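Raw contents of upload_32.cif, mmCIF, N, CA and C atoms:
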```cif
data_work
#
loop_
_atom_site.label_atom_id
_atom_site.label_comp_id
_atom_site.auth_asym_id
_atom_site.auth_seq_id
_atom_site.Cartn_x
_atom_site.Cartn_y
_atom_site.Cartn_z
N ALA A 675 0.83 -1.20 0.00
CA ALA A 675 0.00 0.00 0.00
C ALA A 675 0.87 1.26 0.00
N ALA A 676 1.99 1.22 0.70
CA ALA A 676 2.85 2.41 0.78
C ALA A 676 3.55 2.69 -0.54
N SER A 677 3.99 1.65 -1.22
CA SER A 677 4.77 1.87 -2.43
C SER A 677 3.92 2.19 -3.65
N ALA A 678 2.63 2.02 -3.58
CA ALA A 678 1.77 2.26 -4.74
C ALA A 678 1.82 3.70 -5.22
N GLY A 679 2.05 4.65 -4.31
CA GLY A 679 2.10 6.05 -4.72
C GLY A 679 3.50 6.57 -4.95
N GLY A 680 4.50 5.75 -4.65
CA GLY A 680 5.89 6.20 -4.81
C GLY A 680 6.17 7.43 -3.98
N ALA A 681 7.05 8.28 -4.47
CA ALA A 681 7.43 9.50 -3.75
C ALA A 681 6.25 10.45 -3.61
N GLU A 682 5.25 10.28 -4.46
CA GLU A 682 4.07 11.14 -4.41
C GLU A 682 2.91 10.48 -3.68
N GLY A 683 3.20 9.47 -2.87
CA GLY A 683 2.15 8.79 -2.11
C GLY A 683 1.52 9.74 -1.10
N PRO A 684 0.45 9.28 -0.46
CA PRO A 684 -0.24 10.13 0.52
C PRO A 684 0.71 10.64 1.60
N ARG A 685 0.50 11.89 1.98
CA ARG A 685 1.29 12.53 3.04
C ARG A 685 0.68 12.13 4.38
N VAL A 686 1.50 11.54 5.24
CA VAL A 686 1.05 11.08 6.55
C VAL A 686 1.68 11.97 7.62
N VAL A 687 0.84 12.50 8.50
CA VAL A 687 1.31 13.33 9.61
C VAL A 687 0.87 12.68 10.91
N ALA A 688 1.82 12.48 11.81
CA ALA A 688 1.53 11.90 13.14
C ALA A 688 1.61 13.01 14.17
N PHE A 689 0.57 13.13 14.99
CA PHE A 689 0.62 14.16 16.01
C PHE A 689 -0.23 13.81 17.22
N SER A 690 0.02 14.56 18.27
CA SER A 690 -0.72 14.46 19.52
C SER A 690 -1.47 15.77 19.71
N PRO A 691 -2.81 15.76 19.53
CA PRO A 691 -3.56 16.99 19.71
C PRO A 691 -3.39 17.53 21.13
N ALA A 692 -3.21 18.85 21.22
CA ALA A 692 -3.01 19.49 22.53
C ALA A 692 -4.15 20.46 22.84
N GLY A 693 -5.27 20.29 22.17
CA GLY A 693 -6.42 21.17 22.35
C GLY A 693 -6.86 21.73 21.01
N PRO A 694 -7.75 22.70 21.01
CA PRO A 694 -8.28 23.22 19.75
C PRO A 694 -7.31 24.08 18.95
N ASP A 695 -6.21 24.52 19.57
CA ASP A 695 -5.34 25.48 18.90
C ASP A 695 -3.93 25.00 18.57
N GLN A 696 -3.55 23.80 19.03
CA GLN A 696 -2.19 23.34 18.73
C GLN A 696 -2.08 21.83 18.82
N ALA A 697 -0.98 21.34 18.23
CA ALA A 697 -0.67 19.91 18.25
C ALA A 697 0.83 19.73 18.38
N HIS A 698 1.21 18.61 18.95
CA HIS A 698 2.60 18.21 19.01
C HIS A 698 2.81 17.27 17.82
N VAL A 699 3.51 17.74 16.80
CA VAL A 699 3.72 16.96 15.57
C VAL A 699 4.97 16.12 15.76
N ALA A 700 4.83 14.83 15.50
CA ALA A 700 5.92 13.88 15.74
C ALA A 700 7.04 14.03 14.72
N ARG A 701 8.25 13.88 15.22
CA ARG A 701 9.43 13.76 14.35
C ARG A 701 9.57 12.25 14.08
N PRO A 702 9.27 11.79 12.87
CA PRO A 702 9.18 10.35 12.59
C PRO A 702 10.38 9.51 13.00
N ALA A 703 11.57 10.03 12.89
CA ALA A 703 12.76 9.23 13.23
C ALA A 703 12.85 8.91 14.71
N MET A 704 12.07 9.60 15.54
CA MET A 704 12.18 9.44 16.98
C MET A 704 11.21 8.40 17.56
N TRP A 705 10.33 7.84 16.74
CA TRP A 705 9.29 6.93 17.24
C TRP A 705 9.39 5.59 16.51
N PRO A 706 9.49 4.48 17.25
CA PRO A 706 9.72 3.17 16.63
C PRO A 706 8.73 2.82 15.52
N GLU A 707 7.44 2.98 15.76
CA GLU A 707 6.47 2.58 14.74
C GLU A 707 6.54 3.49 13.51
N LEU A 708 6.86 4.75 13.72
CA LEU A 708 6.98 5.66 12.59
C LEU A 708 8.23 5.35 11.76
N ARG A 709 9.29 4.94 12.43
CA ARG A 709 10.50 4.51 11.69
C ARG A 709 10.18 3.30 10.82
N VAL A 710 9.41 2.36 11.37
CA VAL A 710 9.03 1.17 10.59
C VAL A 710 8.22 1.58 9.37
N LEU A 711 7.26 2.49 9.56
CA LEU A 711 6.46 2.94 8.42
C LEU A 711 7.33 3.59 7.35
N THR A 712 8.28 4.41 7.78
CA THR A 712 9.20 5.06 6.84
C THR A 712 9.99 4.02 6.06
N GLU A 713 10.49 3.01 6.77
CA GLU A 713 11.26 1.94 6.11
C GLU A 713 10.41 1.18 5.10
N LEU A 714 9.09 1.12 5.35
CA LEU A 714 8.18 0.43 4.44
C LEU A 714 7.74 1.32 3.27
N GLY A 715 8.21 2.56 3.25
CA GLY A 715 7.91 3.45 2.14
C GLY A 715 6.78 4.43 2.36
N VAL A 716 6.25 4.50 3.59
CA VAL A 716 5.19 5.46 3.88
C VAL A 716 5.80 6.85 3.89
N ARG A 717 5.11 7.80 3.29
CA ARG A 717 5.59 9.18 3.18
C ARG A 717 5.19 9.98 4.43
N LEU A 718 5.97 9.85 5.49
CA LEU A 718 5.72 10.59 6.72
C LEU A 718 6.31 11.98 6.62
N VAL A 719 5.52 12.97 6.99
CA VAL A 719 5.93 14.36 6.90
C VAL A 719 6.70 14.74 8.16
N GLU A 720 7.85 15.33 7.94
CA GLU A 720 8.72 15.79 9.03
C GLU A 720 8.44 17.27 9.29
N PRO A 721 8.14 17.64 10.55
CA PRO A 721 7.98 19.07 10.82
C PRO A 721 9.31 19.80 10.66
N ALA A 722 9.24 21.10 10.49
CA ALA A 722 10.45 21.91 10.31
C ALA A 722 11.37 21.78 11.51
N PRO A 723 12.67 21.93 11.30
CA PRO A 723 13.60 21.90 12.42
C PRO A 723 13.24 22.96 13.46
N GLY A 724 13.54 22.64 14.69
CA GLY A 724 13.25 23.57 15.77
C GLY A 724 13.40 22.87 17.10
N PRO A 725 12.96 23.52 18.17
CA PRO A 725 13.08 22.90 19.48
C PRO A 725 12.22 21.65 19.58
N GLY A 726 12.62 20.76 20.44
CA GLY A 726 11.88 19.53 20.67
C GLY A 726 12.50 18.37 19.90
N ALA A 727 13.04 17.41 20.63
CA ALA A 727 13.69 16.27 19.99
C ALA A 727 12.67 15.32 19.37
N ASN A 728 11.55 15.07 20.05
CA ASN A 728 10.56 14.10 19.60
C ASN A 728 9.37 14.73 18.89
N TRP A 729 9.07 15.98 19.25
CA TRP A 729 7.87 16.66 18.77
C TRP A 729 8.21 18.09 18.38
N SER A 730 7.41 18.65 17.51
CA SER A 730 7.43 20.07 17.21
C SER A 730 6.03 20.58 17.52
N THR A 731 5.91 21.49 18.44
CA THR A 731 4.59 22.02 18.80
C THR A 731 4.21 23.12 17.82
N LEU A 732 3.10 22.90 17.14
CA LEU A 732 2.64 23.82 16.11
C LEU A 732 1.21 24.26 16.40
N GLY A 733 0.86 25.42 15.91
CA GLY A 733 -0.52 25.87 15.98
C GLY A 733 -1.38 25.06 15.02
N ARG A 734 -2.68 25.20 15.16
CA ARG A 734 -3.62 24.46 14.32
C ARG A 734 -3.36 24.73 12.83
N THR A 735 -3.20 25.99 12.47
CA THR A 735 -2.98 26.35 11.07
C THR A 735 -1.70 25.72 10.53
N GLU A 736 -0.61 25.78 11.31
CA GLU A 736 0.67 25.22 10.87
C GLU A 736 0.60 23.69 10.77
N THR A 737 -0.13 23.07 11.69
CA THR A 737 -0.27 21.61 11.66
C THR A 737 -0.93 21.18 10.36
N PHE A 738 -2.04 21.83 10.00
CA PHE A 738 -2.75 21.42 8.80
C PHE A 738 -2.12 21.98 7.52
N ALA A 739 -1.20 22.93 7.66
CA ALA A 739 -0.43 23.40 6.50
C ALA A 739 0.53 22.30 6.01
N LEU A 740 0.76 21.29 6.84
CA LEU A 740 1.57 20.14 6.43
C LEU A 740 0.81 19.27 5.42
N ARG A 741 -0.44 19.58 5.18
CA ARG A 741 -1.31 18.94 4.18
C ARG A 741 -1.39 17.43 4.35
N PRO A 742 -1.85 16.97 5.52
CA PRO A 742 -1.95 15.52 5.69
C PRO A 742 -3.05 14.91 4.82
N ASP A 743 -2.70 13.79 4.18
CA ASP A 743 -3.69 12.97 3.48
C ASP A 743 -4.18 11.87 4.41
N VAL A 744 -3.36 11.56 5.42
CA VAL A 744 -3.68 10.59 6.48
C VAL A 744 -3.14 11.17 7.77
N ILE A 745 -3.94 11.05 8.83
CA ILE A 745 -3.52 11.51 10.15
C ILE A 745 -3.34 10.31 11.06
N LEU A 746 -2.18 10.24 11.72
CA LEU A 746 -1.98 9.30 12.82
C LEU A 746 -2.13 10.12 14.08
N THR A 747 -3.15 9.82 14.88
CA THR A 747 -3.41 10.65 16.06
C THR A 747 -3.18 9.89 17.34
N ASP A 748 -2.49 10.53 18.24
CA ASP A 748 -2.16 9.98 19.56
C ASP A 748 -3.44 9.67 20.31
N ILE A 749 -3.54 8.45 20.82
CA ILE A 749 -4.74 8.04 21.54
C ILE A 749 -4.51 7.88 23.04
N ARG A 750 -3.34 8.31 23.52
CA ARG A 750 -3.09 8.21 24.94
C ARG A 750 -4.02 9.14 25.71
N ALA A 751 -4.23 8.85 26.98
CA ALA A 751 -5.21 9.57 27.80
C ALA A 751 -4.96 11.07 27.87
N HIS A 752 -3.73 11.51 27.83
CA HIS A 752 -3.45 12.94 27.97
C HIS A 752 -3.60 13.72 26.66
N ALA A 753 -3.75 13.04 25.54
CA ALA A 753 -3.95 13.73 24.25
C ALA A 753 -5.38 14.25 24.18
N ALA A 754 -5.53 15.43 23.63
CA ALA A 754 -6.87 16.00 23.44
C ALA A 754 -7.57 15.23 22.31
N PRO A 755 -8.88 15.24 22.29
CA PRO A 755 -9.59 14.59 21.19
C PRO A 755 -9.27 15.29 19.85
N LEU A 756 -9.07 14.50 18.83
CA LEU A 756 -8.74 15.03 17.51
C LEU A 756 -9.81 16.00 17.02
N ASP A 757 -11.07 15.72 17.27
CA ASP A 757 -12.15 16.58 16.77
C ASP A 757 -12.07 18.00 17.31
N GLU A 758 -11.44 18.20 18.47
CA GLU A 758 -11.26 19.56 18.99
C GLU A 758 -10.32 20.37 18.09
N LEU A 759 -9.40 19.69 17.44
CA LEU A 759 -8.36 20.36 16.66
C LEU A 759 -8.69 20.49 15.18
N ARG A 760 -9.24 19.45 14.59
CA ARG A 760 -9.28 19.42 13.13
C ARG A 760 -10.39 20.22 12.48
N GLY A 761 -11.51 20.43 13.11
CA GLY A 761 -12.57 21.21 12.49
C GLY A 761 -13.20 20.51 11.30
N GLU A 762 -14.22 21.11 10.77
CA GLU A 762 -15.00 20.52 9.67
C GLU A 762 -14.20 20.34 8.39
N GLU A 763 -13.30 21.25 8.10
CA GLU A 763 -12.59 21.22 6.82
C GLU A 763 -11.64 20.03 6.67
N HIS A 764 -11.34 19.34 7.76
CA HIS A 764 -10.42 18.20 7.70
C HIS A 764 -11.09 16.89 8.08
N ARG A 765 -12.41 16.84 8.09
CA ARG A 765 -13.13 15.63 8.49
C ARG A 765 -12.94 14.47 7.53
N ALA A 766 -12.70 14.75 6.25
CA ALA A 766 -12.59 13.68 5.27
C ALA A 766 -11.23 12.98 5.27
N VAL A 767 -10.26 13.53 5.98
CA VAL A 767 -8.93 12.93 6.03
C VAL A 767 -8.98 11.65 6.86
N PRO A 768 -8.54 10.51 6.29
CA PRO A 768 -8.53 9.26 7.06
C PRO A 768 -7.65 9.39 8.30
N VAL A 769 -8.12 8.78 9.39
CA VAL A 769 -7.44 8.86 10.68
C VAL A 769 -7.12 7.45 11.18
N VAL A 770 -5.90 7.30 11.69
CA VAL A 770 -5.47 6.04 12.30
C VAL A 770 -5.12 6.33 13.75
N PRO A 771 -5.70 5.58 14.70
CA PRO A 771 -5.30 5.75 16.09
C PRO A 771 -3.85 5.28 16.26
N TRP A 772 -3.07 6.09 16.97
CA TRP A 772 -1.65 5.78 17.12
C TRP A 772 -1.24 5.98 18.57
N ASN A 773 -0.58 4.99 19.12
CA ASN A 773 0.00 5.10 20.45
C ASN A 773 1.51 5.19 20.26
N PRO A 774 2.10 6.35 20.60
CA PRO A 774 3.54 6.52 20.40
C PRO A 774 4.41 5.55 21.21
N GLU A 775 3.85 4.95 22.24
CA GLU A 775 4.62 3.99 23.02
C GLU A 775 4.81 2.72 22.18
N PRO A 776 5.93 2.01 22.36
CA PRO A 776 6.18 0.81 21.56
C PRO A 776 5.05 -0.22 21.72
N LEU A 777 4.70 -0.86 20.62
CA LEU A 777 3.66 -1.89 20.65
C LEU A 777 4.22 -3.14 21.31
N TYR A 778 3.31 -3.94 21.87
CA TYR A 778 3.76 -5.04 22.72
C TYR A 778 3.98 -6.37 22.01
N GLY A 779 3.46 -6.56 20.84
CA GLY A 779 3.67 -7.85 20.21
C GLY A 779 3.32 -7.83 18.75
N PRO A 780 3.56 -8.94 18.08
CA PRO A 780 3.32 -9.03 16.64
C PRO A 780 1.86 -8.75 16.25
N ARG A 781 0.92 -9.19 17.05
CA ARG A 781 -0.49 -8.97 16.72
C ARG A 781 -0.82 -7.47 16.71
N ASP A 782 -0.35 -6.74 17.74
CA ASP A 782 -0.60 -5.29 17.80
C ASP A 782 0.11 -4.58 16.65
N HIS A 783 1.31 -5.00 16.36
CA HIS A 783 2.08 -4.39 15.27
C HIS A 783 1.37 -4.62 13.93
N ALA A 784 0.93 -5.84 13.69
CA ALA A 784 0.23 -6.17 12.45
C ALA A 784 -1.08 -5.40 12.33
N ARG A 785 -1.79 -5.25 13.42
CA ARG A 785 -3.05 -4.50 13.40
C ARG A 785 -2.79 -3.04 13.02
N PHE A 786 -1.78 -2.43 13.63
CA PHE A 786 -1.44 -1.05 13.32
C PHE A 786 -1.06 -0.90 11.84
N LEU A 787 -0.21 -1.78 11.34
CA LEU A 787 0.20 -1.71 9.93
C LEU A 787 -1.00 -1.88 9.01
N GLY A 788 -1.93 -2.75 9.37
CA GLY A 788 -3.14 -2.94 8.57
C GLY A 788 -4.01 -1.69 8.54
N LEU A 789 -4.13 -1.03 9.69
CA LEU A 789 -4.91 0.21 9.75
C LEU A 789 -4.27 1.31 8.89
N VAL A 790 -2.95 1.39 8.94
CA VAL A 790 -2.26 2.38 8.11
C VAL A 790 -2.45 2.06 6.63
N ALA A 791 -2.33 0.80 6.26
CA ALA A 791 -2.52 0.41 4.86
C ALA A 791 -3.93 0.77 4.39
N ASP A 792 -4.93 0.50 5.21
CA ASP A 792 -6.32 0.85 4.85
C ASP A 792 -6.48 2.35 4.68
N ALA A 793 -5.86 3.13 5.57
CA ALA A 793 -5.97 4.60 5.49
C ALA A 793 -5.26 5.12 4.23
N LEU A 794 -4.12 4.55 3.88
CA LEU A 794 -3.42 4.96 2.66
C LEU A 794 -4.28 4.69 1.43
N GLU A 795 -4.94 3.55 1.40
CA GLU A 795 -5.81 3.23 0.29
C GLU A 795 -7.01 4.17 0.25
N ALA A 796 -7.57 4.48 1.41
CA ALA A 796 -8.70 5.42 1.45
C ALA A 796 -8.28 6.81 0.98
N ALA A 797 -7.07 7.23 1.35
CA ALA A 797 -6.58 8.54 0.92
C ALA A 797 -6.40 8.58 -0.60
N ARG A 798 -5.92 7.50 -1.17
CA ARG A 798 -5.74 7.45 -2.63
C ARG A 798 -7.08 7.46 -3.35
N ALA A 799 -8.11 6.91 -2.73
CA ALA A 799 -9.45 6.86 -3.35
C ALA A 799 -10.18 8.20 -3.31
N ARG A 800 -9.70 9.13 -2.49
CA ARG A 800 -10.37 10.44 -2.37
C ARG A 800 -10.13 11.31 -3.56
#
```
Since I need it in another form, could you write the structure as structure tokens?
Amino acid sequence: AASAGGAEGPRVVAFSPAGPDQAHVARPAMWPELRVLTELGVRLVEPAPGPGANWSTLGRTETFALRPDVILTDIRAHAAPLDELRGEEHRAVPVVPWNPEPLYGPRDHARFLGLVADALEAARAR
């Protein structure tokens, strides 16, 4: 699913919503599952260089200026609900629940990869 679009495949942005006005956008090289996706050819968007080793905190406008075709959203308890951040104009973007903590086993890993593959296909169909 990742290689079907080549370098022009769907743009994937991983972030942790921090409320209605900002998000912590993940630096893909710093998260195990995101590194795996990159190795598999998924086009993960890297936020601009700046402070924060694992995340770049961006405002709502800057987050969506990254033009995600697929959103990986942090589902941990401290993350704000995605709907508070994305608004109506981004409702059609496929969303994959993402836990930045390492997955515990092959079944969880396979499930996550399957969800990402489905979202990539949905993004291409839009």
Within 6.5 Å of range 678-702 of chain A, which residues of range 755-776 of chain A show up? Give each one with its shortest atom-to-atom distance in Å (one decimal) and the two atoms involved, counting only N, CA and C atoms, rows by chain then rising residue number, as JSON lines.
```
{"residue": "A:Pro755", "atom": "C", "partner": "A:Pro691", "partner_atom": "CA", "distance": 6.0}
{"residue": "A:Leu756", "atom": "CA", "partner": "A:Pro691", "partner_atom": "CA", "distance": 6.0}
{"residue": "A:Glu758", "atom": "C", "partner": "A:Pro694", "partner_atom": "CA", "distance": 3.9}
{"residue": "A:Leu759", "atom": "CA", "partner": "A:Pro694", "partner_atom": "CA", "distance": 4.2}
{"residue": "A:Arg760", "atom": "N", "partner": "A:Pro694", "partner_atom": "CA", "distance": 6.5}
```
Keeping only N, CA and C atoms, write the selected residues as a PDB file, in the coordinates of the input.
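again-v3.pdb, freshly written:
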```pdb
ATOM      1  N   PRO A 755      -8.880  15.240  22.290  1.00  0.00           N
ATOM      2  CA  PRO A 755      -9.590  14.590  21.190  1.00  0.00           C
ATOM      3  C   PRO A 755      -9.270  15.290  19.850  1.00  0.00           C
ATOM      4  N   LEU A 756      -9.070  14.500  18.830  1.00  0.00           N
ATOM      5  CA  LEU A 756      -8.740  15.030  17.510  1.00  0.00           C
ATOM      6  C   LEU A 756      -9.810  16.000  17.020  1.00  0.00           C
ATOM      7  N   GLU A 758     -11.440  18.200  18.470  1.00  0.00           N
ATOM      8  CA  GLU A 758     -11.260  19.560  18.990  1.00  0.00           C
ATOM      9  C   GLU A 758     -10.320  20.370  18.090  1.00  0.00           C
ATOM     10  N   LEU A 759      -9.400  19.690  17.440  1.00  0.00           N
ATOM     11  CA  LEU A 759      -8.360  20.360  16.660  1.00  0.00           C
ATOM     12  C   LEU A 759      -8.690  20.490  15.180  1.00  0.00           C
ATOM     13  N   ARG A 760      -9.240  19.450  14.590  1.00  0.00           N
ATOM     14  CA  ARG A 760      -9.280  19.420  13.130  1.00  0.00           C
ATOM     15  C   ARG A 760     -10.390  20.220  12.480  1.00  0.00           C
TER      16      ARG A 760
END
```
Do you know which residues the PyMOL selection byres (((chain A and resi 789 and name CA) around 12) and name CA) returns on this file, as a VMD selection string? chain A and resid 675 711 744 to 746 768 to 772 782 to 788 790 to 796
Which residue out of A:Arg781, A:Pro706, A:Pro721, A:Arg750 has the minimum interatomic distance to Glu736 in chain A when only C-alpha atoms are used? A:Pro721
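For the pair CA of Pro742 in chain A and atom N of Gly779 in chain A, the separation is 27.3 Å.
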For the structure I just gave you, how does DSSP split chain A - specifically, which residues are helix (DSSP H, G or I)? Reply as an MDAnalysis selection string. chainID A and resid 677:682 702:704 706:713 734:739 756:760 762:764 780:799
When you count only N, CA and C atoms, which of these residues is closest to Ala797 in chain A: A:Val719, A:Ala703, A:Ala754, A:Ala766? A:Ala766
Please report, as a ChimeraX atom specification, each residue of chain A to which DSSP assigns strand (DSSP E or B) when run on this structure's backbone. /A:685-691,696-700,717-718,729-733,744-748,769-772
What does the distance between CA of Arg741 in chain A and CA of Val710 in chain A come to in Å, to one decimal place?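 These atoms are spaced 21.5 Å apart.
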Suppose you want the space between atom C of Ile749 in chain A and CA of Ala799 in chain A; what is it in Å?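 Those two atoms sit 26.9 Å apart.
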Which one is closest to Pro774 in chain A: A:Thr735, A:Thr747, A:Thr712, A:Ser730? Count only C-alpha atoms.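 Result for the nearest residue to Pro774 in chain A: A:Thr747.
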